[in-house]
Amino acid sequence: MMSNIIKPLNILIIYCLIILLGTKPINAQEVEDERAFDYEAKSEKGPTKWGEINKGWAACNNGTMQSPIDLAHERVRVISRPDNRSYKASNATLTNRGHDIQIKWHGDAGSISVNGINYPLLSAHWHSPSEHTLRGRRYEMELHLVHLSNDQNVKNKIAVVGVFYKIGKPDKFLSKLMTNISSIMDHNHTEKTMGVIDPNHIKIRGKKYYRYMGSLTVPPCTEGVIWTINRKVRTVSRDQVKLLREAVHDYAEENARPLQANHQRDVYLYGPGSTN
């Protein structure tokens, strides 16, 4: 009698272990293949439909801490706190993801420190026009540097650094990539091994920057992302912006998600000499 009970119990325990060990963690990173969604306002795959395309993307429609937002001064709280970045040259690949061009580093490319927590640099990509706005102004381009913490005790595992660009002199970092970006315009050749790329060559340092809690701006729209937006606006040439858009062949004029509701979130302005 006892053996008949133990046997089904053992089977149940083994079954539960298989489920637990085989369950994959929720993917907090951006979708790598962007063909599943687009940016056309009236499209069935457009921004207002992202949360309906995939159950794992529900936050895109139902979240309360979504990005991007407008960085309006009336909502900004000014405080002083150091921001530490330490980047390193590392091997990288250049990828045409369907709606944007991405650089992905392999190995140790350095990190950003936020509230004493290290967030290693993972990748960088560009949006045009800018996704965030500054007091209602939308710039010609916005760079996102995506960082992913490997600390299992950290609740907010993603930190993104954003940089605004206006039309002006060519961006020196992009100038070095122009030929390589052109080489992955063909859908049959969407990835290129770049060798060593130094993220320090991306000019992102500024004396002041905004910070708030938000989300990824593409599916799965994961919330709990720490956003750091540099107040200093860099320059990019019109030809550079044009190439970044034409290279992806998505037939959209832009790859910027519409502004999301703020839901009374605090936006902080960090800078030297600032006070609470």
# chains A, B, ... in the order shown; residues from 1 in each chain; ligands from 1
$ select_by_dssp --residues "segment 23-257 of chain A" --states "strand (DSSP E or B)" --output "PyMOL selection string"
chain A and resi 70-71+76-79+84-87+90-96+101-106+110-114+117-127+133-134+137+141-148+158-167+191-197+209-215+223-230+234-236
$ residues_around --residues "segment 133-145 of chain A" --least-positions-apart "6" --cutoff "8 Å" --atoms "only C-alpha atoms" --output "list of chain:residue names"
A:Ile69, A:Asp70, A:Leu71, A:Ala72, A:His73, A:Leu121, A:Leu122, A:Ser123, A:Ala124, A:His125, A:Trp126, A:His127, A:Val160, A:Val161, A:Gly162, A:Val163, A:Phe164, A:Tyr165, A:Lys166, A:Ile167, A:Val236, A:Val241
$ closest_residue --among "A:Gly98, A:Gly46, A:Gly206, A:Pro120" --to "Arg234 of chain A" --atoms "only C-alpha atoms"
A:Gly206
$ select_by_dssp --residues "segment 108-201 of chain A" --states "alpha helix (DSSP H)" --output "MDAnalysis selection string"
chainID A and resid 172:175 178:183
$ closest_residue --among "A:Leu148, A:Ala252, A:Val233, A:Met213" --to "Lys42 of chain A" --atoms "only C-alpha atoms"
A:Ala252
$ closest_residue --among "A:Gly224, A:Ile204, A:Arg238, A:Ser130" --to "Pro68 of chain A" --atoms "only C-alpha atoms"
A:Ser130
$ closest_residue --among "A:Asn180, A:Phe173, A:His189, A:Leu216" --to "Lys203 of chain A" --atoms "only C-alpha atoms"
A:Phe173
$ closest_residue --among "A:Lys242, A:Lys207, A:Arg265, A:Lys88" --to "Ser111 of chain A" --atoms "only C-alpha atoms"
A:Lys88
$ closest_residue --among "A:Met194, A:Ile184, A:Met65, A:Ile226" --to "Lys104 of chain A" --atoms "only C-alpha atoms"
A:Met194
$ residues_around --residues "Arg211 of chain A" --least-positions-apart "5" --cutoff "8 Å" --atoms "only C-alpha atoms" --output "PDB file with all heavy atoms, in the first residue's frame"
ATOM      1  N   ILE A 226      16.065  51.924 -15.267  1.00  0.00           N
ATOM      2  CA  ILE A 226      16.611  53.199 -14.796  1.00  0.00           C
ATOM      3  C   ILE A 226      17.091  53.982 -16.008  1.00  0.00           C
ATOM      4  O   ILE A 226      18.036  53.573 -16.689  1.00  0.00           O
ATOM      5  CB  ILE A 226      17.772  52.982 -13.817  1.00  0.00           C
ATOM      6  CG1 ILE A 226      17.305  52.198 -12.589  1.00  0.00           C
ATOM      7  CG2 ILE A 226      18.370  54.330 -13.389  1.00  0.00           C
ATOM      8  CD1 ILE A 226      18.429  51.833 -11.643  1.00  0.00           C
ATOM      9  N   TRP A 227      16.442  55.105 -16.269  1.00  0.00           N
ATOM     10  CA  TRP A 227      16.790  55.938 -17.426  1.00  0.00           C
ATOM     11  C   TRP A 227      17.675  57.103 -16.986  1.00  0.00           C
ATOM     12  O   TRP A 227      17.378  57.803 -16.014  1.00  0.00           O
ATOM     13  CB  TRP A 227      15.537  56.492 -18.090  1.00  0.00           C
ATOM     14  CG  TRP A 227      14.929  55.540 -19.061  1.00  0.00           C
ATOM     15  CD1 TRP A 227      13.925  54.646 -18.821  1.00  0.00           C
ATOM     16  CD2 TRP A 227      15.295  55.377 -20.434  1.00  0.00           C
ATOM     17  NE1 TRP A 227      13.644  53.928 -19.962  1.00  0.00           N
ATOM     18  CE2 TRP A 227      14.465  54.355 -20.958  1.00  0.00           C
ATOM     19  CE3 TRP A 227      16.232  55.980 -21.262  1.00  0.00           C
ATOM     20  CZ2 TRP A 227      14.554  53.933 -22.285  1.00  0.00           C
ATOM     21  CZ3 TRP A 227      16.329  55.571 -22.574  1.00  0.00           C
ATOM     22  CH2 TRP A 227      15.495  54.560 -23.079  1.00  0.00           C
ATOM     23  N   THR A 228      18.753  57.317 -17.736  1.00  0.00           N
ATOM     24  CA  THR A 228      19.648  58.452 -17.533  1.00  0.00           C
ATOM     25  C   THR A 228      19.765  59.165 -18.874  1.00  0.00           C
ATOM     26  O   THR A 228      20.298  58.608 -19.832  1.00  0.00           O
ATOM     27  CB  THR A 228      21.039  58.001 -17.063  1.00  0.00           C
ATOM     28  OG1 THR A 228      20.904  57.255 -15.845  1.00  0.00           O
ATOM     29  CG2 THR A 228      21.947  59.193 -16.819  1.00  0.00           C
ATOM     30  N   ILE A 229      19.229  60.382 -18.951  1.00  0.00           N
ATOM     31  CA  ILE A 229      19.234  61.144 -20.213  1.00  0.00           C
ATOM     32  C   ILE A 229      20.141  62.357 -20.063  1.00  0.00           C
ATOM     33  O   ILE A 229      19.912  63.222 -19.217  1.00  0.00           O
ATOM     34  CB  ILE A 229      17.810  61.630 -20.586  1.00  0.00           C
ATOM     35  CG1 ILE A 229      16.815  60.480 -20.537  1.00  0.00           C
ATOM     36  CG2 ILE A 229      17.834  62.301 -21.955  1.00  0.00           C
ATOM     37  CD1 ILE A 229      16.999  59.451 -21.614  1.00  0.00           C
ATOM     38  N   VAL A 267      10.970  63.040 -11.897  1.00  0.00           N
ATOM     39  CA  VAL A 267      12.112  63.138 -12.803  1.00  0.00           C
ATOM     40  C   VAL A 267      13.169  63.953 -12.071  1.00  0.00           C
ATOM     41  O   VAL A 267      12.900  65.046 -11.592  1.00  0.00           O
ATOM     42  CB  VAL A 267      11.735  63.827 -14.133  1.00  0.00           C
ATOM     43  CG1 VAL A 267      12.964  63.965 -15.020  1.00  0.00           C
ATOM     44  CG2 VAL A 267      10.639  63.051 -14.849  1.00  0.00           C
ATOM     45  N   TYR A 268      14.373  63.403 -11.970  1.00  0.00           N
ATOM     46  CA  TYR A 268      15.431  64.062 -11.217  1.00  0.00           C
ATOM     47  C   TYR A 268      16.470  64.643 -12.172  1.00  0.00           C
ATOM     48  O   TYR A 268      16.813  64.021 -13.177  1.00  0.00           O
ATOM     49  CB  TYR A 268      16.120  63.058 -10.288  1.00  0.00           C
ATOM     50  CG  TYR A 268      15.179  62.430  -9.271  1.00  0.00           C
ATOM     51  CD1 TYR A 268      14.525  61.239  -9.558  1.00  0.00           C
ATOM     52  CD2 TYR A 268      14.960  63.042  -8.048  1.00  0.00           C
ATOM     53  CE1 TYR A 268      13.657  60.666  -8.626  1.00  0.00           C
ATOM     54  CE2 TYR A 268      14.100  62.468  -7.113  1.00  0.00           C
ATOM     55  CZ  TYR A 268      13.457  61.284  -7.409  1.00  0.00           C
ATOM     56  OH  TYR A 268      12.599  60.718  -6.496  1.00  0.00           O
ATOM     57  N   LEU A 269      16.970  65.840 -11.814  1.00  0.00           N
ATOM     58  CA  LEU A 269      18.054  66.449 -12.575  1.00  0.00           C
ATOM     59  C   LEU A 269      19.311  66.408 -11.713  1.00  0.00           C
ATOM     60  O   LEU A 269      19.355  66.988 -10.629  1.00  0.00           O
ATOM     61  CB  LEU A 269      17.718  67.895 -12.948  1.00  0.00           C
ATOM     62  CG  LEU A 269      18.814  68.672 -13.696  1.00  0.00           C
ATOM     63  CD1 LEU A 269      19.144  68.006 -15.018  1.00  0.00           C
ATOM     64  CD2 LEU A 269      18.383  70.121 -13.925  1.00  0.00           C
ATOM     65  N   TYR A 270      20.313  65.695 -12.193  1.00  0.00           N
ATOM     66  CA  TYR A 270      21.567  65.533 -11.473  1.00  0.00           C
ATOM     67  C   TYR A 270      22.609  66.472 -12.079  1.00  0.00           C
ATOM     68  O   TYR A 270      22.681  66.614 -13.296  1.00  0.00           O
ATOM     69  CB  TYR A 270      22.086  64.099 -11.579  1.00  0.00           C
ATOM     70  CG  TYR A 270      21.248  63.072 -10.870  1.00  0.00           C
ATOM     71  CD1 TYR A 270      20.008  62.695 -11.370  1.00  0.00           C
ATOM     72  CD2 TYR A 270      21.697  62.457  -9.706  1.00  0.00           C
ATOM     73  CE1 TYR A 270      19.238  61.735 -10.729  1.00  0.00           C
ATOM     74  CE2 TYR A 270      20.942  61.506  -9.064  1.00  0.00           C
ATOM     75  CZ  TYR A 270      19.701  61.138  -9.575  1.00  0.00           C
ATOM     76  OH  TYR A 270      18.937  60.212  -8.944  1.00  0.00           O
TER      77      TYR A 270
END
$ atom_distance --atom1 "atom CA of Asp151 of chain A" --atom2 "atom CA of Arg85 of chain A"
17.3 Å
$ atom_distance --atom1 "atom CA of Gln152 of chain A" --atom2 "atom CA of Glu30 of chain A"
18.9 Å
$ atom_distance --atom1 "atom CA of Ile112 of chain A" --atom2 "atom CA of Ser237 of chain A"
27.8 Å
$ residues_around --residues "Gln240 of chain A" --least-positions-apart "5" --cutoff "9 Å" --atoms "only C-alpha atoms" --output "PyMOL selection string"
chain A and resi 170-171+174-175+178+245
